[in-house]
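What follows is one structure encoded as structure tokens, with my remarks underneath.
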Amino acid sequence: VIITLTTDFGLRDAYVGSMKGVILSIHPQARIIDITHDIGPQNVVQCGFVLRQAYPCFPAGSIHVAVADPGVGTERRALMVLAGGHVFLAPDNGLLESVFEAHAGAAVFSLTNEAYFRKSVSPTFHGRDVFAPSAAHLAMGADPQDMGERIFDPVRGPVTRPLVKKHGITGRILFFDHYGNAVTDIEGGMLTGTRRTEIRVGPVEIHGVSRTYADVPLGDPAALIGSHGNLEIAFHGGSAEKQAGLAEGVSVEVLFY
Amino acid sequence: VIITLTTDFGLRDAYVGSMKGVILSIHPQARIIDITHDIGPQNVVQCGFVLRQAYPCFPAGSIHVAVADPGVGTERRALMVLAGGHVFLAPDNGLLESVFEAHAGAAVFSLTNEAYFRKSVSPTFHGRDVFAPSAAHLAMGADPQDMGERIFDPVRGPVTRPLVKKHGITGRILFFDHYGNAVTDIEGGMLTGTRRTEIRVGPVEIHGVSRTYADVPLGDPAALIGSHGNLEIAFHGGSAEKQAGLAEGVSVEVLFY
Amino acid sequence: VIITLTTDFGLRDAYVGSMKGVILSIHPQARIIDITHDIGPQNVVQCGFVLRQAYPCFPAGSIHVAVADPGVGTERRALMVLAGGHVFLAPDNGLLESVFEAHAGAAVFSLTNEAYFRKSVSPTFHGRDVFAPSAAHLAMGADPQDMGERIFDPVRGPVTRPLVKKHGITGRILFFDHYGNAVTDIEGGMLTGTRRTEIRVGPVEIHGVSRTYADVPLGDPAALIGSHGNLEIAFHGGSAEKQAGLAEGVSVEVLFY
């Protein structure tokens, strides 16, 4: 069984290694795959977005642990979600919003069975003490029904949707990827069938959606549908992140004409 | 058998990949787990601290390779240490101090049997040419007694311990973690049973030890016992690393009253 | 079978995780090893250099996927190269130059059989949609002859070689490694047998080639043969990358006398 990890723990400290040690102590044959540990600190939206990009590439039956957890140690619940043939473990803070949206029939449980936790649970490290051992026991064949009680009121959001109007769309920049490209909340499917488009974001104006970065001259801005399926703003050979006026949350206007 | 890696080699170059290739060439079934490769360059103290956090999470019998090695290529010895059911491979520079402290009966060997080294040993890359192949051969079942002679004078330290006084403790900042939290050398156990505490570090004064980051208002400093078990100084939603006056080695005063 | 990955995708986004999910969906037992994902964005020379350092450490039969791909989505071909007992998958942009140089008898194929691609191929993410699934099918035993047609005109370069003169060598800085050391294109073998050498690079003058960093006083520059086998310029306890006058492409003069 595959266990994937998506966290904001970074790779500098012992956090991720400790989670892996806990998993392997319970299930020595587990296959652990890192999706990323470089989610922005406590950035729940980014963590959910990256998870949504990656998990459909994995085989059914995979267990996905995702942790960006500003409320660790408070009363927030820990969730197990069964949806689309996958298992998701995450804090109850809206991180799994996109999973709920994609799978109306998702079964949601609150992880409360301490028999599947680590002996002593640190108030600041549920990744190691709650989520990792629960994932390992599930991979070993523990009955999901035994992990805790079913619930029907998981925390939803925070996801904003772009505003789709007759002659355009108003979205926003979700985050910047590794290359400094600005990833927006405007999905590629919202643009199909449109004849001509103009994209305005901060001081940048772009005419038309390109197929690849190389379609525009070096140094010029391009709008294209990224490999994640959303509209992104890139600079050929440069970084949108370093352009004046662009930041997370900045609005992105797409005009049809 | 699990082989963990904790190094300052970074993930930008071929160093870590080369170590893994060497291990897998000798032992194709080895399970290699990265603890971290982002130890500060040649930061022996940080490397030992991170290793100490992570290794107890792994099953007994695991082999831990740890390399932060300012003296690579000089006459410093290479060590194998058997302690607590684990095997440790590291340069003889004090990196394993916390293992020696925790396990008085540790058996220490000098890795001298070149039959377990790579054919040609680079003077600058013992991680690939000495430690990785020795670990792989051990994982394959090589007799530890055959790796080299037993020694009784490994290099100790450099570890400082906090000064515990009647009405307080004077410790220091060891390093900053991925979130910018200042990790100190003051262990949580030193604070149990104390009624009220005040923590002073640089310009920062904190009253009491919190249970979680969220216990203080956004932007405020908090003192809490981190998931590693030591006292750490954090700023809710911010970074202690970027606060004026805080740096590695800065002293931390805990007052009881 | 081992599949290694060397890319410029970074570890912040879903890119690398998606590639691994695709591989494991086709070949659940594949052993995936990261060489690095921190190649400079679209730095074809660095990607080829790091791959050349690492791949000979892996056992014969390994499959190496390397992607730094400024031309993704254009008409550039995707290559499979059989050489030295290893299999290489990479864009046809000169990345594999060092493999071609080392193995005159390399067999080169153009990956054109879409049966081995992902169902829908994104114009910006051939790593996930072309290279990863092709590697997984090869690891599962697909016939290399079936992946596409053999070709004889792969794109060569861009590799510059140092100019070897009677009384010296003129090379250049290829890139800076994790420690900030300047790695040059001057191979250690070009210096053997020379009596005395002087190295000049930017404002820096160094007398003689050291065996280890520790051979020079703290803060001083050293020239030495790095673990990759090439001449590198390092500062003991410092970073050559931050020294005035040093940058990628800067020429390096070695004088014999």
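Scheme for the structure tokens: letters A, B, ... for chains in order shown; per-chain residue numbers from 1; ligand numbers from 1 in order shown.
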Considering only C-alpha atoms, return as a ChimeraX atom specification whatever protein or nucleic-acid residues lie within 10 Å of C:Leu96, sequence-local ones (same chain, fewer than 2 positions apart) excluded. /C:44-45,47-49,51-52,66,79,81,88-94,98-101,154-158
Within stretch 47-113 of chain C, find each residue whose DSSP state, derived from the backbone, is helix (DSSP H, G or I), and express the selection as a PDB file with all heavy atoms, in the first residue's frame.
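Result file is selection25.pdb:
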ATOM      1  N   CYS C  47      21.768  20.008 -15.449  1.00  0.00           N
ATOM      2  CA  CYS C  47      21.018  18.751 -15.342  1.00  0.00           C
ATOM      3  C   CYS C  47      21.859  17.595 -15.887  1.00  0.00           C
ATOM      4  O   CYS C  47      21.962  16.534 -15.270  1.00  0.00           O
ATOM      5  CB  CYS C  47      19.695  18.874 -16.097  1.00  0.00           C
ATOM      6  SG  CYS C  47      18.528  17.530 -15.775  1.00  0.00           S
ATOM      7  N   GLY C  48      22.498  17.812 -17.044  1.00  0.00           N
ATOM      8  CA  GLY C  48      23.337  16.774 -17.627  1.00  0.00           C
ATOM      9  C   GLY C  48      24.552  16.477 -16.757  1.00  0.00           C
ATOM     10  O   GLY C  48      24.970  15.319 -16.612  1.00  0.00           O
ATOM     11  N   PHE C  49      25.124  17.523 -16.141  1.00  0.00           N
ATOM     12  CA  PHE C  49      26.308  17.333 -15.305  1.00  0.00           C
ATOM     13  C   PHE C  49      25.985  16.504 -14.071  1.00  0.00           C
ATOM     14  O   PHE C  49      26.700  15.562 -13.720  1.00  0.00           O
ATOM     15  CB  PHE C  49      26.871  18.699 -14.897  1.00  0.00           C
ATOM     16  CG  PHE C  49      28.181  18.614 -14.153  1.00  0.00           C
ATOM     17  CD1 PHE C  49      29.383  18.610 -14.850  1.00  0.00           C
ATOM     18  CD2 PHE C  49      28.220  18.535 -12.770  1.00  0.00           C
ATOM     19  CE1 PHE C  49      30.594  18.518 -14.178  1.00  0.00           C
ATOM     20  CE2 PHE C  49      29.425  18.443 -12.087  1.00  0.00           C
ATOM     21  CZ  PHE C  49      30.620  18.436 -12.801  1.00  0.00           C
ATOM     22  N   VAL C  50      24.900  16.853 -13.400  1.00  0.00           N
ATOM     23  CA  VAL C  50      24.513  16.122 -12.185  1.00  0.00           C
ATOM     24  C   VAL C  50      24.178  14.669 -12.528  1.00  0.00           C
ATOM     25  O   VAL C  50      24.590  13.739 -11.828  1.00  0.00           O
ATOM     26  CB  VAL C  50      23.332  16.824 -11.480  1.00  0.00           C
ATOM     27  CG1 VAL C  50      22.758  15.945 -10.372  1.00  0.00           C
ATOM     28  CG2 VAL C  50      23.785  18.161 -10.907  1.00  0.00           C
ATOM     29  N   LEU C  51      23.460  14.467 -13.628  1.00  0.00           N
ATOM     30  CA  LEU C  51      23.139  13.097 -14.044  1.00  0.00           C
ATOM     31  C   LEU C  51      24.417  12.294 -14.282  1.00  0.00           C
ATOM     32  O   LEU C  51      24.539  11.148 -13.846  1.00  0.00           O
ATOM     33  CB  LEU C  51      22.294  13.131 -15.321  1.00  0.00           C
ATOM     34  CG  LEU C  51      21.928  11.768 -15.911  1.00  0.00           C
ATOM     35  CD1 LEU C  51      21.033  10.984 -14.967  1.00  0.00           C
ATOM     36  CD2 LEU C  51      21.257  11.934 -17.270  1.00  0.00           C
ATOM     37  N   ARG C  52      25.400  12.918 -14.958  1.00  0.00           N
ATOM     38  CA  ARG C  52      26.649  12.226 -15.245  1.00  0.00           C
ATOM     39  C   ARG C  52      27.406  11.843 -13.978  1.00  0.00           C
ATOM     40  O   ARG C  52      28.081  10.815 -13.919  1.00  0.00           O
ATOM     41  CB  ARG C  52      27.551  13.103 -16.118  1.00  0.00           C
ATOM     42  CG  ARG C  52      28.905  12.459 -16.424  1.00  0.00           C
ATOM     43  CD  ARG C  52      29.655  13.204 -17.488  1.00  0.00           C
ATOM     44  NE  ARG C  52      30.347  14.379 -16.995  1.00  0.00           N
ATOM     45  CZ  ARG C  52      31.518  14.363 -16.369  1.00  0.00           C
ATOM     46  NH1 ARG C  52      32.130  13.212 -16.130  1.00  0.00           N
ATOM     47  NH2 ARG C  52      32.081  15.476 -15.960  1.00  0.00           N
ATOM     48  N   GLN C  53      27.312  12.700 -12.927  1.00  0.00           N
ATOM     49  CA  GLN C  53      27.960  12.370 -11.663  1.00  0.00           C
ATOM     50  C   GLN C  53      27.311  11.160 -11.012  1.00  0.00           C
ATOM     51  O   GLN C  53      27.976  10.309 -10.431  1.00  0.00           O
ATOM     52  CB  GLN C  53      27.867  13.547 -10.676  1.00  0.00           C
ATOM     53  CG  GLN C  53      28.514  14.825 -11.139  1.00  0.00           C
ATOM     54  CD  GLN C  53      29.938  14.620 -11.566  1.00  0.00           C
ATOM     55  OE1 GLN C  53      30.693  13.899 -10.919  1.00  0.00           O
ATOM     56  NE2 GLN C  53      30.318  15.221 -12.681  1.00  0.00           N
ATOM     57  N   ALA C  54      25.991  11.117 -11.074  1.00  0.00           N
ATOM     58  CA  ALA C  54      25.260  10.154 -10.247  1.00  0.00           C
ATOM     59  C   ALA C  54      25.054   8.810 -10.931  1.00  0.00           C
ATOM     60  O   ALA C  54      25.146   7.759 -10.276  1.00  0.00           O
ATOM     61  CB  ALA C  54      23.914  10.739  -9.843  1.00  0.00           C
ATOM     62  N   TYR C  55      24.783   8.782 -12.221  1.00  0.00           N
ATOM     63  CA  TYR C  55      24.283   7.521 -12.783  1.00  0.00           C
ATOM     64  C   TYR C  55      25.286   6.373 -12.702  1.00  0.00           C
ATOM     65  O   TYR C  55      24.863   5.226 -12.499  1.00  0.00           O
ATOM     66  CB  TYR C  55      23.726   7.720 -14.211  1.00  0.00           C
ATOM     67  CG  TYR C  55      24.709   7.645 -15.337  1.00  0.00           C
ATOM     68  CD1 TYR C  55      25.194   6.419 -15.807  1.00  0.00           C
ATOM     69  CD2 TYR C  55      25.166   8.801 -15.964  1.00  0.00           C
ATOM     70  CE1 TYR C  55      26.106   6.361 -16.855  1.00  0.00           C
ATOM     71  CE2 TYR C  55      26.078   8.761 -16.992  1.00  0.00           C
ATOM     72  CZ  TYR C  55      26.537   7.536 -17.439  1.00  0.00           C
ATOM     73  OH  TYR C  55      27.437   7.483 -18.463  1.00  0.00           O
ATOM     74  N   PRO C  56      26.617   6.615 -12.818  1.00  0.00           N
ATOM     75  CA  PRO C  56      27.512   5.450 -12.741  1.00  0.00           C
ATOM     76  C   PRO C  56      27.509   4.777 -11.373  1.00  0.00           C
ATOM     77  O   PRO C  56      27.992   3.655 -11.237  1.00  0.00           O
ATOM     78  CB  PRO C  56      28.892   6.046 -13.057  1.00  0.00           C
ATOM     79  CG  PRO C  56      28.628   7.347 -13.731  1.00  0.00           C
ATOM     80  CD  PRO C  56      27.367   7.851 -13.117  1.00  0.00           C
ATOM     81  N   CYS C  57      26.961   5.439 -10.348  1.00  0.00           N
ATOM     82  CA  CYS C  57      26.871   4.820  -9.021  1.00  0.00           C
ATOM     83  C   CYS C  57      25.737   3.804  -8.948  1.00  0.00           C
ATOM     84  O   CYS C  57      25.686   3.013  -8.001  1.00  0.00           O
ATOM     85  CB  CYS C  57      26.655   5.890  -7.945  1.00  0.00           C
ATOM     86  SG  CYS C  57      28.051   7.004  -7.751  1.00  0.00           S
ATOM     87  N   GLU C  97      24.380  14.984 -23.627  1.00  0.00           N
ATOM     88  CA  GLU C  97      25.662  15.105 -24.318  1.00  0.00           C
ATOM     89  C   GLU C  97      26.762  14.251 -23.674  1.00  0.00           C
ATOM     90  O   GLU C  97      27.502  13.551 -24.353  1.00  0.00           O
ATOM     91  CB  GLU C  97      26.096  16.574 -24.340  1.00  0.00           C
ATOM     92  CG  GLU C  97      27.453  16.830 -24.983  1.00  0.00           C
ATOM     93  CD  GLU C  97      27.474  16.494 -26.467  1.00  0.00           C
ATOM     94  OE1 GLU C  97      26.390  16.487 -27.097  1.00  0.00           O
ATOM     95  OE2 GLU C  97      28.572  16.208 -26.991  1.00  0.00           O
ATOM     96  N   SER C  98      26.854  14.300 -22.347  1.00  0.00           N
ATOM     97  CA  SER C  98      27.955  13.571 -21.700  1.00  0.00           C
ATOM     98  C   SER C  98      27.775  12.067 -21.844  1.00  0.00           C
ATOM     99  O   SER C  98      28.756  11.319 -21.853  1.00  0.00           O
ATOM    100  CB  SER C  98      28.051  13.958 -20.222  1.00  0.00           C
ATOM    101  OG  SER C  98      26.891  13.547 -19.532  1.00  0.00           O
ATOM    102  N   VAL C  99      26.544  11.605 -21.960  1.00  0.00           N
ATOM    103  CA  VAL C  99      26.301  10.180 -22.199  1.00  0.00           C
ATOM    104  C   VAL C  99      26.767   9.820 -23.611  1.00  0.00           C
ATOM    105  O   VAL C  99      27.429   8.793 -23.817  1.00  0.00           O
ATOM    106  CB  VAL C  99      24.807   9.834 -22.009  1.00  0.00           C
ATOM    107  CG1 VAL C  99      24.523   8.394 -22.432  1.00  0.00           C
ATOM    108  CG2 VAL C  99      24.394  10.053 -20.555  1.00  0.00           C
ATOM    109  N   PHE C 100      26.446  10.674 -24.579  1.00  0.00           N
ATOM    110  CA  PHE C 100      26.893  10.415 -25.951  1.00  0.00           C
ATOM    111  C   PHE C 100      28.418  10.396 -26.025  1.00  0.00           C
ATOM    112  O   PHE C 100      29.017   9.569 -26.707  1.00  0.00           O
ATOM    113  CB  PHE C 100      26.355  11.489 -26.909  1.00  0.00           C
ATOM    114  CG  PHE C 100      24.849  11.517 -27.010  1.00  0.00           C
ATOM    115  CD1 PHE C 100      24.169  12.727 -27.131  1.00  0.00           C
ATOM    116  CD2 PHE C 100      24.105  10.343 -26.987  1.00  0.00           C
ATOM    117  CE1 PHE C 100      22.787  12.756 -27.225  1.00  0.00           C
ATOM    118  CE2 PHE C 100      22.717  10.367 -27.086  1.00  0.00           C
ATOM    119  CZ  PHE C 100      22.062  11.574 -27.204  1.00  0.00           C
ATOM    120  N   GLU C 101      29.067  11.321 -25.309  1.00  0.00           N
ATOM    121  CA  GLU C 101      30.528  11.394 -25.345  1.00  0.00           C
ATOM    122  C   GLU C 101      31.165  10.149 -24.736  1.00  0.00           C
ATOM    123  O   GLU C 101      32.177   9.655 -25.227  1.00  0.00           O
ATOM    124  CB  GLU C 101      31.012  12.642 -24.598  1.00  0.00           C
ATOM    125  CG  GLU C 101      30.766  13.917 -25.381  1.00  0.00           C
ATOM    126  CD  GLU C 101      31.116  15.150 -24.566  1.00  0.00           C
ATOM    127  OE1 GLU C 101      31.661  14.997 -23.454  1.00  0.00           O
ATOM    128  OE2 GLU C 101      30.828  16.260 -25.043  1.00  0.00           O
ATOM    129  N   ALA C 102      30.566   9.646 -23.658  1.00  0.00           N
ATOM    130  CA  ALA C 102      31.162   8.513 -22.955  1.00  0.00           C
ATOM    131  C   ALA C 102      30.869   7.181 -23.649  1.00  0.00           C
ATOM    132  O   ALA C 102      31.609   6.218 -23.464  1.00  0.00           O
ATOM    133  CB  ALA C 102      30.638   8.472 -21.514  1.00  0.00           C
TER     134      ALA C 102
END
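Excluding A:Val1 and any residue on its chain fewer than 6 positions from it, the residues at most 8 Å away by only C-alpha atoms are Ala30, Arg31, Gly61, Ser62, Ile63 and Ala139 of chain A.
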Taking N, CA and C atoms for each residue, export the selection above as a PDB file, in the first residue's frame.
ATOM      1  N   ALA A  30       5.510  -0.571   4.169  1.00  0.00           N
ATOM      2  CA  ALA A  30       4.784   0.557   3.581  1.00  0.00           C
ATOM      3  C   ALA A  30       5.645   1.261   2.538  1.00  0.00           C
ATOM      4  N   ARG A  31       4.998   1.702   1.456  1.00  0.00           N
ATOM      5  CA  ARG A  31       5.704   2.502   0.456  1.00  0.00           C
ATOM      6  C   ARG A  31       5.334   3.957   0.694  1.00  0.00           C
ATOM      7  N   GLY A  61      -6.783   3.006  -3.658  1.00  0.00           N
ATOM      8  CA  GLY A  61      -6.338   2.332  -2.449  1.00  0.00           C
ATOM      9  C   GLY A  61      -5.203   3.056  -1.751  1.00  0.00           C
ATOM     10  N   SER A  62      -4.645   4.068  -2.402  1.00  0.00           N
ATOM     11  CA  SER A  62      -3.567   4.834  -1.766  1.00  0.00           C
ATOM     12  C   SER A  62      -4.120   5.621  -0.571  1.00  0.00           C
ATOM     13  N   ILE A  63      -3.241   5.856   0.399  1.00  0.00           N
ATOM     14  CA  ILE A  63      -3.595   6.611   1.603  1.00  0.00           C
ATOM     15  C   ILE A  63      -2.823   7.922   1.567  1.00  0.00           C
ATOM     16  N   ALA A 139      -2.965   0.998   6.418  1.00  0.00           N
ATOM     17  CA  ALA A 139      -2.228   0.272   5.382  1.00  0.00           C
ATOM     18  C   ALA A 139      -2.022  -1.189   5.766  1.00  0.00           C
TER      19      ALA A 139
END
Can you tell me which residues surround stretch 167-172 of chain A at a distance of at most 10 Å, considering only C-alpha atoms, apart from same-chain residues fewer than 3 positions away, and format the answer as number ranges by chain? A: 160-164, 175, 182-187, 190-191, 194, 197-201, 231, 247-257
Set the distance at 9 Å and use only C-alpha atoms: which residues neighbour A:Ala234 once local chain neighbours fewer than 4 positions away are removed? I'd like the list as a PyMOL selection string. chain A and resi 179-183+213+220-224+238-241
With all heavy atoms kept, could you save the residues just selected as a compact mmCIF listing (two decimals), in the first residue's frame?
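For reference, result23.txt as written:
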# COMPACT_ATOMS: atom_id res chain seq x y z
N TYR A 179 8.60 27.74 -10.04
CA TYR A 179 9.22 28.57 -11.07
C TYR A 179 8.87 30.05 -10.91
O TYR A 179 9.32 30.88 -11.68
CB TYR A 179 8.76 28.12 -12.46
CG TYR A 179 9.14 26.70 -12.79
CD1 TYR A 179 8.24 25.66 -12.61
CD2 TYR A 179 10.41 26.40 -13.26
CE1 TYR A 179 8.60 24.35 -12.91
CE2 TYR A 179 10.77 25.11 -13.56
CZ TYR A 179 9.86 24.08 -13.39
OH TYR A 179 10.21 22.81 -13.67
N GLY A 180 8.01 30.35 -9.92
CA GLY A 180 7.55 31.72 -9.77
C GLY A 180 6.34 32.02 -10.64
O GLY A 180 5.91 33.18 -10.72
N ASN A 181 5.75 31.02 -11.29
CA ASN A 181 4.53 31.24 -12.06
C ASN A 181 3.36 31.44 -11.12
O ASN A 181 3.26 30.77 -10.09
CB ASN A 181 4.24 30.03 -12.97
CG ASN A 181 5.35 29.78 -13.97
OD1 ASN A 181 6.14 30.68 -14.26
ND2 ASN A 181 5.42 28.57 -14.49
N ALA A 182 2.46 32.38 -11.49
CA ALA A 182 1.29 32.67 -10.65
C ALA A 182 0.16 31.73 -11.04
O ALA A 182 -0.39 31.83 -12.14
CB ALA A 182 0.87 34.12 -10.83
N VAL A 183 -0.20 30.82 -10.13
CA VAL A 183 -1.29 29.88 -10.39
C VAL A 183 -2.59 30.51 -9.92
O VAL A 183 -2.68 30.98 -8.78
CB VAL A 183 -1.04 28.55 -9.66
CG1 VAL A 183 -2.19 27.57 -9.91
CG2 VAL A 183 0.29 27.94 -10.10
N TYR A 213 5.11 28.08 -22.83
CA TYR A 213 5.89 29.27 -22.46
C TYR A 213 6.65 29.83 -23.65
O TYR A 213 6.82 31.03 -23.80
CB TYR A 213 6.90 28.93 -21.36
CG TYR A 213 6.31 28.23 -20.19
CD1 TYR A 213 6.73 26.97 -19.81
CD2 TYR A 213 5.31 28.83 -19.44
CE1 TYR A 213 6.19 26.31 -18.72
CE2 TYR A 213 4.75 28.18 -18.34
CZ TYR A 213 5.20 26.93 -17.99
OH TYR A 213 4.65 26.29 -16.92
N ASP A 220 8.78 38.13 -22.04
CA ASP A 220 7.39 38.55 -22.12
C ASP A 220 6.50 37.70 -21.22
O ASP A 220 6.81 36.54 -20.96
CB ASP A 220 6.88 38.44 -23.56
CG ASP A 220 7.15 39.72 -24.35
OD1 ASP A 220 7.98 40.53 -23.87
OD2 ASP A 220 6.55 39.88 -25.41
N PRO A 221 5.37 38.29 -20.80
CA PRO A 221 4.42 37.52 -20.00
C PRO A 221 3.55 36.63 -20.90
O PRO A 221 3.28 36.99 -22.05
CB PRO A 221 3.57 38.58 -19.32
CG PRO A 221 3.60 39.74 -20.26
CD PRO A 221 4.95 39.70 -20.93
N ALA A 222 3.16 35.49 -20.36
CA ALA A 222 2.27 34.59 -21.08
C ALA A 222 1.19 34.10 -20.13
O ALA A 222 1.42 33.94 -18.94
CB ALA A 222 3.04 33.39 -21.64
N ALA A 223 -0.01 33.90 -20.68
CA ALA A 223 -1.09 33.25 -19.92
C ALA A 223 -1.28 31.88 -20.56
O ALA A 223 -1.36 31.77 -21.78
CB ALA A 223 -2.37 34.06 -20.00
N LEU A 224 -1.28 30.86 -19.74
CA LEU A 224 -1.49 29.53 -20.32
C LEU A 224 -2.13 28.61 -19.29
O LEU A 224 -2.19 28.93 -18.11
CB LEU A 224 -0.20 28.93 -20.87
CG LEU A 224 0.85 28.44 -19.90
CD1 LEU A 224 1.90 27.64 -20.66
CD2 LEU A 224 1.54 29.62 -19.24
N GLY A 238 11.53 34.06 -17.00
CA GLY A 238 11.58 34.90 -15.80
C GLY A 238 10.63 34.38 -14.73
O GLY A 238 10.24 33.22 -14.75
N SER A 239 10.28 35.26 -13.80
CA SER A 239 9.46 34.85 -12.66
C SER A 239 8.33 35.85 -12.44
O SER A 239 8.58 37.03 -12.20
CB SER A 239 10.33 34.77 -11.40
OG SER A 239 9.52 34.77 -10.24
N ALA A 240 7.09 35.38 -12.49
CA ALA A 240 5.94 36.26 -12.24
C ALA A 240 5.94 36.72 -10.79
O ALA A 240 5.43 37.79 -10.46
CB ALA A 240 4.64 35.54 -12.57
N GLU A 241 6.55 35.90 -9.90
CA GLU A 241 6.53 36.22 -8.48
C GLU A 241 7.28 37.52 -8.20
O GLU A 241 6.99 38.22 -7.24
CB GLU A 241 7.17 35.06 -7.69
CG GLU A 241 6.93 35.15 -6.19
CD GLU A 241 7.32 33.86 -5.48
OE1 GLU A 241 7.98 33.00 -6.11
OE2 GLU A 241 6.96 33.71 -4.30
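When only C-alpha atoms are used to compute distances to chain A, the closest of the residues C:Leu95, C:Asp129, C:Phe117, C:Phe109 turns out to be C:Asp129.
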Using only C-alpha atoms, can you tell me which of A:Ala136, A:Met80, A:Ala68, A:Ala14 comes closest to A:Asn43?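 Nearest candidate to A:Asn43 out of A:Ala136, A:Met80, A:Ala68, A:Ala14: A:Ala68.
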Could you give me, as CSV, a per-residue list for chain A showing, wherever an atom lies at most 8 Å from an atom of chain B, the closest pair of atoms and their distance in Å to one decimal, using only C-alpha atoms and sorting by chain then residue number from low to high?
residue,atom,partner,partner_atom,distance
A:Phe9,CA,B:His178,CA,7.0
A:Gly10,CA,B:His178,CA,5.8
A:Leu11,CA,B:Thr36,CA,5.8
A:Arg12,CA,B:Asp38,CA,4.9
A:Asp13,CA,B:Asp177,CA,6.2
A:Ala14,CA,B:Val50,CA,5.2
A:Tyr15,CA,B:Ala54,CA,7.6
A:Val16,CA,B:Ile35,CA,6.9
A:Gly17,CA,B:Ile35,CA,4.3
A:Ser18,CA,B:Ala54,CA,4.8
A:Met19,CA,B:Cys57,CA,7.8
A:Lys20,CA,B:Ile33,CA,7.8
A:Gly21,CA,B:Phe58,CA,4.2
A:Val22,CA,B:Cys57,CA,5.3
A:Leu24,CA,B:Phe58,CA,6.9
A:Ser25,CA,B:Pro59,CA,4.9
A:Pro41,CA,B:Tyr179,CA,6.9
A:Pro70,CA,B:Ala214,CA,7.5
A:Gly71,CA,B:Ala214,CA,6.6
A:Val72,CA,B:Thr212,CA,7.3
A:Gly73,CA,B:Thr212,CA,5.9
A:Thr74,CA,B:Thr212,CA,7.6
A:Ser122,CA,B:Ser227,CA,6.1
A:Pro123,CA,B:Thr212,CA,6.5
A:Thr124,CA,B:Ser227,CA,5.8
A:Phe125,CA,B:Ser227,CA,5.7
In Å, rounded to a single decimal, give me how far atom CA of A:Ala135 is from atom CA of A:Val65. 7.3 Å
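Here atom CA of B:Arg150 stands at a distance of 9.1 Å from atom CA of B:Leu111.
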Report as a PyMOL selection string all protein, DNA and RNA residues lying within 9 Å of A:Glu149, evaluated on only C-alpha atoms, omitting residues in the same chain fewer than 4 positions from it. chain A and resi 108-113+145
